[in-house]
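Just input-v3.cif here, mmCIF, C-alpha atoms:
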```cif
data_target
#
loop_
_atom_site.label_atom_id
_atom_site.label_comp_id
_atom_site.auth_asym_id
_atom_site.auth_seq_id
_atom_site.Cartn_x
_atom_site.Cartn_y
_atom_site.Cartn_z
CA MET R 60 0.00 0.00 0.00
CA GLU R 61 1.37 3.40 -0.95
CA PRO R 62 1.66 5.94 1.85
CA SER R 63 -0.95 8.69 1.91
CA PRO R 64 0.30 12.01 0.56
CA ALA R 65 1.19 14.62 3.14
CA PRO R 66 -1.66 17.08 3.71
CA HIS R 67 -1.31 20.42 1.96
CA PHE R 68 -1.83 23.21 4.44
CA PRO R 69 -2.24 26.89 3.66
CA ASN R 70 1.07 28.58 4.44
CA SER R 71 0.33 32.28 4.70
CA LEU R 72 -2.25 34.88 5.69
CA ARG R 73 -3.02 38.47 4.84
CA TRP R 74 -5.17 40.77 6.92
CA SER R 75 -6.68 44.22 7.33
CA GLY R 76 -8.01 45.83 10.52
CA MET R 77 -9.81 49.05 11.38
CA THR R 78 -11.54 50.58 14.41
CA HIS R 79 -13.65 53.74 14.58
CA VAL R 80 -15.18 55.61 17.51
CA GLY R 81 -18.47 56.04 15.63
CA ARG R 82 -20.49 59.21 15.19
CA PHE R 83 -21.83 59.69 18.71
CA ARG R 84 -19.38 58.22 21.26
CA ARG R 85 -16.57 60.27 22.80
CA ASN R 86 -14.14 57.41 23.32
CA ASN R 87 -13.47 54.10 21.64
CA GLU R 88 -14.03 51.11 23.94
CA ASP R 89 -13.24 48.65 21.14
CA ALA R 90 -9.77 47.21 20.67
CA PHE R 91 -8.31 44.81 18.14
CA LEU R 92 -5.15 42.77 18.15
CA ALA R 93 -2.99 41.20 15.45
CA LEU R 94 0.11 39.24 16.48
CA ASN R 95 2.17 36.22 15.63
CA PHE R 96 4.30 34.09 17.88
CA ASP R 97 6.63 31.15 18.04
CA ALA R 98 8.07 29.39 21.09
CA ARG R 99 10.45 32.29 21.80
CA GLU R 100 8.70 35.59 21.21
CA VAL R 101 5.53 37.48 20.40
CA ARG R 102 5.43 40.06 17.62
CA TYR R 103 2.72 42.70 17.41
CA LEU R 104 1.59 43.28 13.85
CA GLY R 105 0.31 46.33 12.04
CA LYS R 106 -3.30 46.94 11.10
CA SER R 107 -2.65 45.36 7.70
CA GLY R 108 -0.05 43.00 6.29
CA HIS R 109 0.78 39.42 5.34
CA GLY R 110 2.86 36.67 6.88
CA SER R 111 3.86 33.03 6.72
CA LEU R 112 2.42 30.23 8.87
CA GLU R 113 5.49 28.08 8.35
CA GLY R 114 7.38 29.44 11.35
CA ALA R 115 4.73 31.12 13.47
CA ASP R 116 1.10 30.97 14.56
CA PHE R 117 -1.14 34.04 14.24
CA VAL R 118 -3.76 35.47 16.60
CA PHE R 119 -6.38 38.06 15.71
CA ALA R 120 -8.89 39.34 18.26
CA VAL R 121 -11.59 41.95 18.76
CA SER R 122 -12.78 43.08 22.19
CA ASP R 123 -15.59 45.49 23.05
CA GLY R 124 -15.31 47.04 26.51
CA MET R 125 -18.25 47.88 28.74
CA GLY R 126 -18.58 49.85 31.92
CA GLY R 127 -19.04 53.53 31.25
CA ALA R 128 -16.56 56.39 31.58
CA ARG R 129 -13.19 54.99 30.45
CA SER R 130 -13.33 51.67 32.31
CA GLY R 131 -14.84 49.84 29.33
CA GLU R 132 -11.94 50.98 27.19
CA PHE R 133 -9.57 49.73 29.90
CA ALA R 134 -11.29 46.35 30.06
CA SER R 135 -10.94 45.67 26.34
CA LYS R 136 -7.24 46.52 26.43
CA ILE R 137 -6.69 44.10 29.35
CA ALA R 138 -8.39 41.38 27.33
CA VAL R 139 -6.13 41.72 24.30
CA GLU R 140 -2.94 42.23 26.36
CA LYS R 141 -3.38 39.01 28.38
CA ILE R 142 -3.43 36.94 25.18
CA THR R 143 0.33 37.36 24.85
CA ARG R 144 1.03 35.62 28.18
CA LEU R 145 -0.21 32.09 27.48
CA LEU R 146 -0.38 31.26 23.77
CA PRO R 147 3.38 31.29 22.97
CA LYS R 148 3.78 28.30 25.28
CA SER R 149 1.48 26.40 22.92
CA PHE R 150 3.35 27.08 19.67
CA GLY R 151 3.80 24.06 17.43
CA MET R 152 0.69 22.23 18.68
CA ASN R 153 -1.41 21.48 15.62
CA ALA R 154 -5.16 21.42 16.22
CA GLN R 155 -5.50 18.17 14.27
CA SER R 156 -3.26 16.29 16.71
CA LEU R 157 -4.33 18.28 19.76
CA ASP R 158 -7.81 16.79 19.83
CA SER R 159 -9.32 18.75 22.71
CA GLY R 160 -6.00 20.21 23.91
CA PHE R 161 -6.51 23.55 22.20
CA GLU R 162 -9.85 23.84 24.00
CA ASP R 163 -8.10 23.57 27.36
CA ILE R 164 -5.59 26.24 26.33
CA LEU R 165 -8.26 28.71 25.23
CA ASP R 166 -10.46 27.94 28.23
CA GLU R 167 -7.56 28.75 30.56
CA LEU R 168 -6.81 31.93 28.62
CA PHE R 169 -10.37 33.21 28.90
CA ASP R 170 -10.52 32.29 32.58
CA ARG R 171 -7.34 34.28 33.30
CA ILE R 172 -8.64 37.34 31.47
CA HIS R 173 -11.98 37.08 33.26
CA HIS R 174 -10.35 36.97 36.69
CA ALA R 175 -7.96 39.84 35.88
CA ILE R 176 -10.84 42.12 34.88
CA SER R 177 -12.98 40.96 37.82
CA ASP R 178 -10.16 41.64 40.32
CA LEU R 179 -9.79 45.22 39.12
CA GLY R 180 -13.54 45.68 39.42
CA ARG R 181 -13.45 44.50 43.03
CA HIS R 182 -10.50 46.62 44.11
CA TYR R 183 -11.04 49.91 42.26
CA GLU R 184 -14.30 51.81 42.43
CA GLU R 185 -13.80 53.36 38.99
CA CYS R 186 -13.54 49.86 37.50
CA ARG R 187 -16.55 48.37 39.30
CA GLY R 188 -18.78 46.42 36.92
CA MET R 189 -16.49 46.80 33.92
CA GLY R 190 -16.42 43.99 31.41
CA ALA R 191 -15.54 43.08 27.85
CA THR R 192 -16.47 40.82 24.98
CA LEU R 193 -13.72 38.88 23.24
CA SER R 194 -13.67 37.06 19.90
CA LEU R 195 -10.29 35.45 19.23
CA ALA R 196 -9.07 33.54 16.16
CA TRP R 197 -5.86 31.48 16.46
CA PHE R 198 -4.47 30.42 13.08
CA MET R 199 -2.12 27.47 12.64
CA PRO R 200 -1.48 25.43 9.48
CA GLY R 201 -4.84 24.14 8.25
CA TRP R 202 -6.92 25.40 11.18
CA MET R 203 -8.55 28.40 12.79
CA CYS R 204 -9.20 27.74 16.49
CA PHE R 205 -11.48 30.23 18.20
CA GLY R 206 -12.55 31.36 21.63
CA HIS R 207 -15.46 33.73 22.14
CA ILE R 208 -17.62 35.41 24.75
CA GLY R 209 -20.19 38.18 24.36
CA ASP R 210 -21.68 39.59 21.17
CA SER R 211 -18.66 40.45 19.07
CA ARG R 212 -18.54 37.92 16.23
CA ILE R 213 -16.41 35.70 14.00
CA TYR R 214 -17.73 34.96 10.51
CA TYR R 215 -16.40 32.27 8.14
CA LEU R 216 -16.50 33.00 4.42
CA PRO R 217 -15.32 29.90 2.53
CA GLN R 218 -14.15 30.42 -1.02
CA ASP R 219 -16.99 28.15 -2.15
CA GLY R 220 -20.08 28.61 0.00
CA GLY R 221 -22.10 31.12 1.97
CA MET R 222 -21.08 33.21 4.97
CA THR R 223 -21.53 31.53 8.36
CA GLN R 224 -21.49 33.10 11.81
CA VAL R 225 -19.09 30.82 13.66
CA THR R 226 -19.61 32.23 17.15
CA HIS R 227 -22.79 32.33 19.23
CA ASP R 228 -23.98 35.66 20.60
CA HIS R 229 -24.20 35.27 24.37
CA SER R 230 -27.61 36.90 24.66
CA HIS R 231 -31.25 35.88 24.73
CA VAL R 232 -31.79 37.60 21.39
CA GLY R 233 -28.87 35.67 19.92
CA TRP R 234 -30.43 32.42 21.12
CA LEU R 235 -33.79 33.38 19.60
CA ARG R 236 -32.09 34.04 16.25
CA ARG R 237 -30.05 30.80 16.31
CA THR R 238 -33.13 28.73 17.04
CA GLY R 239 -35.15 30.36 14.27
CA GLN R 240 -37.69 32.05 16.54
CA ILE R 241 -36.92 35.51 15.15
CA ASN R 242 -35.42 36.71 11.86
CA GLU R 243 -32.57 39.13 11.18
CA ARG R 244 -34.82 42.19 11.10
CA GLU R 245 -36.47 41.27 14.40
CA ALA R 246 -33.10 40.61 16.02
CA ARG R 247 -31.74 43.99 14.90
CA THR R 248 -34.70 45.90 16.38
CA HIS R 249 -35.26 43.81 19.53
CA PRO R 250 -35.26 46.03 22.67
CA ARG R 251 -32.91 43.62 24.50
CA ARG R 252 -30.47 43.04 21.66
CA SER R 253 -27.58 44.55 23.68
CA ALA R 254 -28.25 42.67 26.95
CA LEU R 255 -25.47 40.09 27.41
CA ALA R 256 -25.80 36.84 29.32
CA GLN R 257 -22.00 36.45 29.50
CA SER R 258 -18.92 38.67 29.34
CA LEU R 259 -15.40 38.83 30.72
CA GLY R 260 -15.66 40.57 34.08
CA GLY R 261 -18.95 42.39 34.40
CA GLY R 262 -19.63 40.94 37.85
CA ALA R 263 -20.05 37.32 36.71
CA ARG R 264 -18.56 34.64 38.97
CA SER R 265 -17.93 32.16 36.17
CA ILE R 266 -17.94 32.06 32.39
CA ASP R 267 -18.51 29.42 29.71
CA PRO R 268 -16.79 30.65 26.53
CA HIS R 269 -17.68 29.25 23.13
CA ILE R 270 -14.61 27.37 21.87
CA GLY R 271 -14.14 25.46 18.63
CA ARG R 272 -12.19 25.17 15.39
CA VAL R 273 -12.69 25.45 11.64
CA SER R 274 -10.50 23.82 9.01
CA CYS R 275 -9.44 26.32 6.37
CA GLN R 276 -8.25 26.26 2.78
CA PRO R 277 -6.57 28.83 0.53
CA GLY R 278 -9.10 31.44 -0.52
CA ASP R 279 -11.16 31.23 2.67
CA ARG R 280 -11.76 34.42 4.63
CA PHE R 281 -12.68 35.23 8.21
CA LEU R 282 -14.22 38.40 9.60
CA ILE R 283 -13.95 39.34 13.29
CA CYS R 284 -16.01 42.34 14.34
CA SER R 285 -17.66 44.22 17.18
CA ASP R 286 -21.43 44.64 17.33
CA GLY R 287 -21.12 48.17 15.95
CA LEU R 288 -20.31 46.72 12.52
CA VAL R 289 -23.37 44.46 12.58
CA ASP R 290 -25.54 47.38 13.68
CA GLY R 291 -24.63 49.21 10.50
CA LEU R 292 -24.54 46.40 7.95
CA TRP R 293 -27.12 43.71 7.15
CA ASP R 294 -25.83 40.16 6.62
CA ARG R 295 -26.11 40.32 2.85
CA ARG R 296 -24.07 43.54 2.62
CA LEU R 297 -21.56 42.24 5.17
CA ASP R 298 -20.98 39.15 3.01
CA GLU R 299 -20.64 41.23 -0.14
CA LEU R 300 -18.11 43.67 1.31
CA ALA R 301 -16.06 40.98 3.09
CA ARG R 302 -15.59 39.10 -0.20
CA GLY R 303 -14.44 42.20 -2.08
CA GLU R 304 -11.16 44.00 -1.68
CA LEU R 305 -9.39 42.96 1.53
CA ASP R 306 -10.00 46.31 3.21
CA ALA R 307 -11.52 46.49 6.70
CA THR R 308 -11.70 50.28 6.41
CA ARG R 309 -14.38 50.02 3.74
CA LEU R 310 -16.59 47.84 5.95
CA VAL R 311 -16.16 50.04 9.01
CA LEU R 312 -16.76 53.36 7.28
CA GLU R 313 -19.90 52.10 5.54
CA ALA R 314 -21.24 50.72 8.84
CA VAL R 315 -20.51 54.02 10.59
CA ALA R 316 -22.24 55.95 7.80
CA GLU R 317 -25.31 53.69 8.05
CA SER R 318 -25.48 53.75 11.86
CA GLY R 319 -22.47 54.96 13.85
CA ARG R 320 -24.29 54.63 17.17
CA ASP R 321 -21.51 52.49 18.60
CA ASN R 322 -17.77 51.99 18.29
CA THR R 323 -17.14 49.90 15.20
CA THR R 324 -14.28 47.45 14.57
CA ALA R 325 -13.46 44.87 11.90
CA LEU R 326 -10.59 42.48 11.20
CA LEU R 327 -10.61 40.75 7.82
CA ILE R 328 -8.26 37.77 7.30
CA GLU R 329 -7.64 35.77 4.13
CA VAL R 330 -5.98 32.34 4.03
CA MET R 331 -3.37 32.15 1.25
CA PRO R 332 -1.67 29.25 -0.61
#
```
Starting from the coordinates I provided, produce the structure as structure tokens.
Amino acid sequence: MEPSPAPHFPNSLRWSGMTHVGRFRRNNEDAFLALNFDAREVRYLGKSGHGSLEGADFVFAVSDGMGGARSGEFASKIAVEKITRLLPKSFGMNAQSLDSGFEDILDELFDRIHHAISDLGRHYEECRGMGATLSLAWFMPGWMCFGHIGDSRIYYLPQDGGMTQVTHDHSHVGWLRRTGQINEREARTHPRRSALAQSLGGGARSIDPHIGRVSCQPGDRFLICSDGLVDGLWDRRLDELARGELDATRLVLEAVAESGRDNTTALLIEVMP
């Protein structure tokens, strides 16, 4: 019997990121992160670029802070900063051979961020009640592993096939939409669409992040965004723009022009041969 051919994994990525305060807010409580890492170091990346997966894994994340004043902005920055502490220890672990190992890594990461934000809320009055969403995509050869909590989102846009929302909104309205009890229009206008059942910090004692993985091929794209982008763009337009030029600025500015009621952030990533 001839040996099976070695799997062909995508070996590079390109990306584009953009965040905007919106038309009515005074400060931007969104934050996004792009970095790559190996076993030795972490490198912060610019808002756009390209890089190889052959010697490093990549992480992209969007976090939306909550809490009023400037504490929400602080919470989202804590969330993205803590990512750099744990993931480099996991470099070289392929999701295909990890089985559930990557889930343990991401679960620990989210737990650490949650407790860091919660501790600040307990010890500093100005941080009381602050919280953050977090949608994180960890790219390694052939796979995108994700961790998520809140109502920021990760979308998967395969080269052949329709756009899919990978993450679950942690809200009652999100559950109603997932189970087909309301449609997109009803979800967008629901009076409790912004009420979260889970977040990092925010006074919750425990969290249950949504963790999973998606196999990816050259030509596939992923969109990570805060709820401000979804507020401005319907699913059909979101799909159309995300498949066009790899330019997060175009998505964000159109969403802000259509709504702009909230901070608005998008990260667009394409898997390359």
Assuming the chain letters and numbering stay as they are in my file, what does the PyMOL selection byres ((chain R and resi 225) around 10) actually select? List them as a PyMOL selection string. chain R and resi 205+207+212-216+222-224+226-228+269-273+281-283
Could the residues in this selection be written to a file with C-alpha atoms, as a compact mmCIF listing (two decimals), in the coordinates of the input?
```txt
# COMPACT_ATOMS: atom_id res chain seq x y z
CA PHE R 205 -11.48 30.23 18.20
CA HIS R 207 -15.46 33.73 22.14
CA ARG R 212 -18.54 37.92 16.23
CA ILE R 213 -16.41 35.70 14.00
CA TYR R 214 -17.73 34.96 10.51
CA TYR R 215 -16.40 32.27 8.14
CA LEU R 216 -16.50 33.00 4.42
CA MET R 222 -21.08 33.21 4.97
CA THR R 223 -21.53 31.53 8.36
CA GLN R 224 -21.49 33.10 11.81
CA THR R 226 -19.61 32.23 17.15
CA HIS R 227 -22.79 32.33 19.23
CA ASP R 228 -23.98 35.66 20.60
CA HIS R 269 -17.68 29.25 23.13
CA ILE R 270 -14.61 27.37 21.87
CA GLY R 271 -14.14 25.46 18.63
CA ARG R 272 -12.19 25.17 15.39
CA VAL R 273 -12.69 25.45 11.64
CA PHE R 281 -12.68 35.23 8.21
CA LEU R 282 -14.22 38.40 9.60
CA ILE R 283 -13.95 39.34 13.29
```
Between CA of Arg247 in chain R and CA of Leu92 in chain R - distance in Å to one decimal: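 Separation between CA of Leu92 in chain R and CA of Arg247 in chain R: 26.8 Å.
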Spell out the residues picked by the PyMOL selection byres ((chain R and resi 229) around 12) here, as a PDB file with C-alpha atoms, in the frame of the given file.
```pdb
ATOM      1  CA  THR R 192     -16.470  40.820  24.980  1.00  0.00           C
ATOM      2  CA  LEU R 193     -13.720  38.880  23.240  1.00  0.00           C
ATOM      3  CA  SER R 194     -13.670  37.060  19.900  1.00  0.00           C
ATOM      4  CA  HIS R 207     -15.460  33.730  22.140  1.00  0.00           C
ATOM      5  CA  ILE R 208     -17.620  35.410  24.750  1.00  0.00           C
ATOM      6  CA  GLY R 209     -20.190  38.180  24.360  1.00  0.00           C
ATOM      7  CA  ASP R 210     -21.680  39.590  21.170  1.00  0.00           C
ATOM      8  CA  SER R 211     -18.660  40.450  19.070  1.00  0.00           C
ATOM      9  CA  ARG R 212     -18.540  37.920  16.230  1.00  0.00           C
ATOM     10  CA  THR R 226     -19.610  32.230  17.150  1.00  0.00           C
ATOM     11  CA  HIS R 227     -22.790  32.330  19.230  1.00  0.00           C
ATOM     12  CA  ASP R 228     -23.980  35.660  20.600  1.00  0.00           C
ATOM     13  CA  SER R 230     -27.610  36.900  24.660  1.00  0.00           C
ATOM     14  CA  HIS R 231     -31.250  35.880  24.730  1.00  0.00           C
ATOM     15  CA  VAL R 232     -31.790  37.600  21.390  1.00  0.00           C
ATOM     16  CA  GLY R 233     -28.870  35.670  19.920  1.00  0.00           C
ATOM     17  CA  TRP R 234     -30.430  32.420  21.120  1.00  0.00           C
ATOM     18  CA  LEU R 235     -33.790  33.380  19.600  1.00  0.00           C
ATOM     19  CA  ARG R 236     -32.090  34.040  16.250  1.00  0.00           C
ATOM     20  CA  ARG R 237     -30.050  30.800  16.310  1.00  0.00           C
ATOM     21  CA  ARG R 252     -30.470  43.040  21.660  1.00  0.00           C
ATOM     22  CA  SER R 253     -27.580  44.550  23.680  1.00  0.00           C
ATOM     23  CA  ALA R 254     -28.250  42.670  26.950  1.00  0.00           C
ATOM     24  CA  LEU R 255     -25.470  40.090  27.410  1.00  0.00           C
ATOM     25  CA  ALA R 256     -25.800  36.840  29.320  1.00  0.00           C
ATOM     26  CA  GLN R 257     -22.000  36.450  29.500  1.00  0.00           C
ATOM     27  CA  SER R 258     -18.920  38.670  29.340  1.00  0.00           C
ATOM     28  CA  LEU R 259     -15.400  38.830  30.720  1.00  0.00           C
ATOM     29  CA  ILE R 266     -17.940  32.060  32.390  1.00  0.00           C
ATOM     30  CA  ASP R 267     -18.510  29.420  29.710  1.00  0.00           C
ATOM     31  CA  PRO R 268     -16.790  30.650  26.530  1.00  0.00           C
ATOM     32  CA  HIS R 269     -17.680  29.250  23.130  1.00  0.00           C
TER      33      HIS R 269
END
```
Please write as a PyMOL selection string the full residue list that the PyMOL selection byres ((chain R and resi 315) around 12) yields on this file. chain R and resi 77-84+286-292+308-314+316-325
Minimum-distance residue to Arg295 in chain R, chosen among R:Gly221, R:Ser274, R:Leu94, R:Val101 (using only C-alpha atoms):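 Of R:Gly221, R:Ser274, R:Leu94, R:Val101, the one nearest Arg295 in chain R, counting only C-alpha atoms, is R:Gly221.
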What does the distance between CA of Leu72 in chain R and CA of Asp219 in chain R come to in Å, to one decimal place?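 So the answer is 18.0 Å.
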As an exercise, work out the distance from CA of Met203 in chain R to CA of Pro217 in chain R in Å and give it to one decimal place.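 Calculated distance between CA of Met203 in chain R and CA of Pro217 in chain R is 12.4 Å.
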Taking only C-alpha atoms into account, which of R:Ala191, R:Ile164, R:Ala98, R:Ile328 comes nearest Asp123 in chain R?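 Result for the nearest residue to Asp123 in chain R: R:Ala191.
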Restricting the calculation to all atoms listed in the file, which member of R:Asp170, R:Arg181, R:Ser111, R:Gly188 is positioned closest to Gly124 in chain R?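 Once distances to Gly124 in chain R are computed over all atoms listed in the file, the minimum belongs to R:Gly188.
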Kindly indicate which residue among R:Phe91, R:Phe119, R:Phe150, R:Phe161 lies nearest to Trp74 in chain R, using all atoms listed in the file for the distances.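 Ranking R:Phe91, R:Phe119, R:Phe150, R:Phe161 by distance to Trp74 in chain R, first place goes to R:Phe119.
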Measuring between all atoms listed in the file, which one of R:Arg171, R:Ser177, R:Gly260, R:Glu329 shows the shortest distance to Thr143 in chain R?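 Closest residue, counting all atoms listed in the file: R:Arg171.
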So which residues fall inside 8 Å of (-1.8, 28.3, 4.8) if we count all atoms listed in the file? Mind giving them as a list in words?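 Neighbouring residues, ordered by chain and number, come to Phe68, Pro69, Asn70, Ser71, Leu72, Ser111, Leu112, Met199, Pro200, Gly201, Gln276, Pro277, Val330, Met331 and Pro332 of chain R.
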Limited to C-alpha atoms, could you put the picked residues into a file as a PDB file, in the coordinates of the input?
```
ATOM      1  CA  PHE R  68      -1.830  23.210   4.440  1.00  0.00           C
ATOM      2  CA  PRO R  69      -2.240  26.890   3.660  1.00  0.00           C
ATOM      3  CA  ASN R  70       1.070  28.580   4.440  1.00  0.00           C
ATOM      4  CA  SER R  71       0.330  32.280   4.700  1.00  0.00           C
ATOM      5  CA  LEU R  72      -2.250  34.880   5.690  1.00  0.00           C
ATOM      6  CA  SER R 111       3.860  33.030   6.720  1.00  0.00           C
ATOM      7  CA  LEU R 112       2.420  30.230   8.870  1.00  0.00           C
ATOM      8  CA  MET R 199      -2.120  27.470  12.640  1.00  0.00           C
ATOM      9  CA  PRO R 200      -1.480  25.430   9.480  1.00  0.00           C
ATOM     10  CA  GLY R 201      -4.840  24.140   8.250  1.00  0.00           C
ATOM     11  CA  GLN R 276      -8.250  26.260   2.780  1.00  0.00           C
ATOM     12  CA  PRO R 277      -6.570  28.830   0.530  1.00  0.00           C
ATOM     13  CA  VAL R 330      -5.980  32.340   4.030  1.00  0.00           C
ATOM     14  CA  MET R 331      -3.370  32.150   1.250  1.00  0.00           C
ATOM     15  CA  PRO R 332      -1.670  29.250  -0.610  1.00  0.00           C
TER      16      PRO R 332
END
```
With all atoms listed in the file as the basis for distance, which of R:Ala263, R:Leu104, R:Leu327, R:Val139 is at the shortest distance from Leu305 in chain R? R:Leu327
Could you rebuild range 180-207 of chain R with N, CA and C atoms and give me the result as a tab-separated table (two decimals), keeping the file's coordinate frame?
```
chain	number	residue	atom	x	y	z
R	180	GLY	N	-12.22	45.19	39.08
R	180	GLY	CA	-13.54	45.68	39.42
R	180	GLY	C	-13.82	45.63	40.92
R	181	ARG	N	-13.24	44.63	41.58
R	181	ARG	CA	-13.45	44.50	43.03
R	181	ARG	C	-12.61	45.50	43.82
R	182	HIS	N	-11.43	45.83	43.33
R	182	HIS	CA	-10.50	46.62	44.11
R	182	HIS	C	-10.50	48.11	43.79
R	183	TYR	N	-11.05	48.49	42.65
R	183	TYR	CA	-11.04	49.91	42.26
R	183	TYR	C	-12.46	50.34	41.91
R	184	GLU	N	-12.93	51.35	42.61
R	184	GLU	CA	-14.30	51.81	42.43
R	184	GLU	C	-14.57	52.23	41.00
R	185	GLU	N	-13.59	52.89	40.36
R	185	GLU	CA	-13.80	53.36	38.99
R	185	GLU	C	-13.89	52.23	37.98
R	186	CYS	N	-13.49	51.02	38.40
R	186	CYS	CA	-13.54	49.86	37.50
R	186	CYS	C	-14.69	48.91	37.85
R	187	ARG	N	-15.49	49.27	38.84
R	187	ARG	CA	-16.55	48.37	39.30
R	187	ARG	C	-17.55	48.10	38.17
R	188	GLY	N	-17.82	46.81	37.94
R	188	GLY	CA	-18.78	46.42	36.92
R	188	GLY	C	-18.25	46.41	35.51
R	189	MET	N	-16.99	46.77	35.30
R	189	MET	CA	-16.49	46.80	33.92
R	189	MET	C	-16.36	45.39	33.37
R	190	GLY	N	-16.50	45.28	32.07
R	190	GLY	CA	-16.42	43.99	31.41
R	190	GLY	C	-16.02	44.15	29.96
R	191	ALA	N	-15.94	43.04	29.25
R	191	ALA	CA	-15.54	43.08	27.85
R	191	ALA	C	-16.01	41.83	27.13
R	192	THR	N	-16.31	41.98	25.86
R	192	THR	CA	-16.47	40.82	24.98
R	192	THR	C	-15.09	40.45	24.45
R	193	LEU	N	-14.96	39.27	23.91
R	193	LEU	CA	-13.72	38.88	23.24
R	193	LEU	C	-14.01	37.81	22.21
R	194	SER	N	-13.61	38.06	20.98
R	194	SER	CA	-13.67	37.06	19.90
R	194	SER	C	-12.25	36.91	19.37
R	195	LEU	N	-11.70	35.71	19.53
R	195	LEU	CA	-10.29	35.45	19.23
R	195	LEU	C	-10.17	34.33	18.20
R	196	ALA	N	-9.34	34.55	17.19
R	196	ALA	CA	-9.07	33.54	16.16
R	196	ALA	C	-7.57	33.22	16.17
R	197	TRP	N	-7.25	31.95	16.39
R	197	TRP	CA	-5.86	31.48	16.46
R	197	TRP	C	-5.62	30.62	15.21
R	198	PHE	N	-4.75	31.11	14.34
R	198	PHE	CA	-4.47	30.42	13.08
R	198	PHE	C	-3.18	29.63	13.18
R	199	MET	N	-3.27	28.36	12.79
R	199	MET	CA	-2.12	27.47	12.64
R	199	MET	C	-2.32	26.73	11.33
R	200	PRO	N	-1.32	26.04	10.81
R	200	PRO	CA	-1.48	25.43	9.48
R	200	PRO	C	-2.72	24.54	9.39
R	201	GLY	N	-3.65	24.93	8.52
R	201	GLY	CA	-4.84	24.14	8.25
R	201	GLY	C	-6.03	24.42	9.15
R	202	TRP	N	-5.85	25.23	10.20
R	202	TRP	CA	-6.92	25.40	11.18
R	202	TRP	C	-7.04	26.83	11.68
R	203	MET	N	-8.28	27.20	12.01
R	203	MET	CA	-8.55	28.40	12.79
R	203	MET	C	-9.27	27.93	14.05
R	204	CYS	N	-8.59	28.06	15.20
R	204	CYS	CA	-9.20	27.74	16.49
R	204	CYS	C	-9.73	29.04	17.09
R	205	PHE	N	-10.90	28.98	17.71
R	205	PHE	CA	-11.48	30.23	18.20
R	205	PHE	C	-11.97	30.09	19.64
R	206	GLY	N	-11.94	31.21	20.33
R	206	GLY	CA	-12.55	31.36	21.63
R	206	GLY	C	-13.39	32.63	21.60
R	207	HIS	N	-14.53	32.60	22.28
R	207	HIS	CA	-15.46	33.73	22.14
R	207	HIS	C	-16.35	33.85	23.36
```
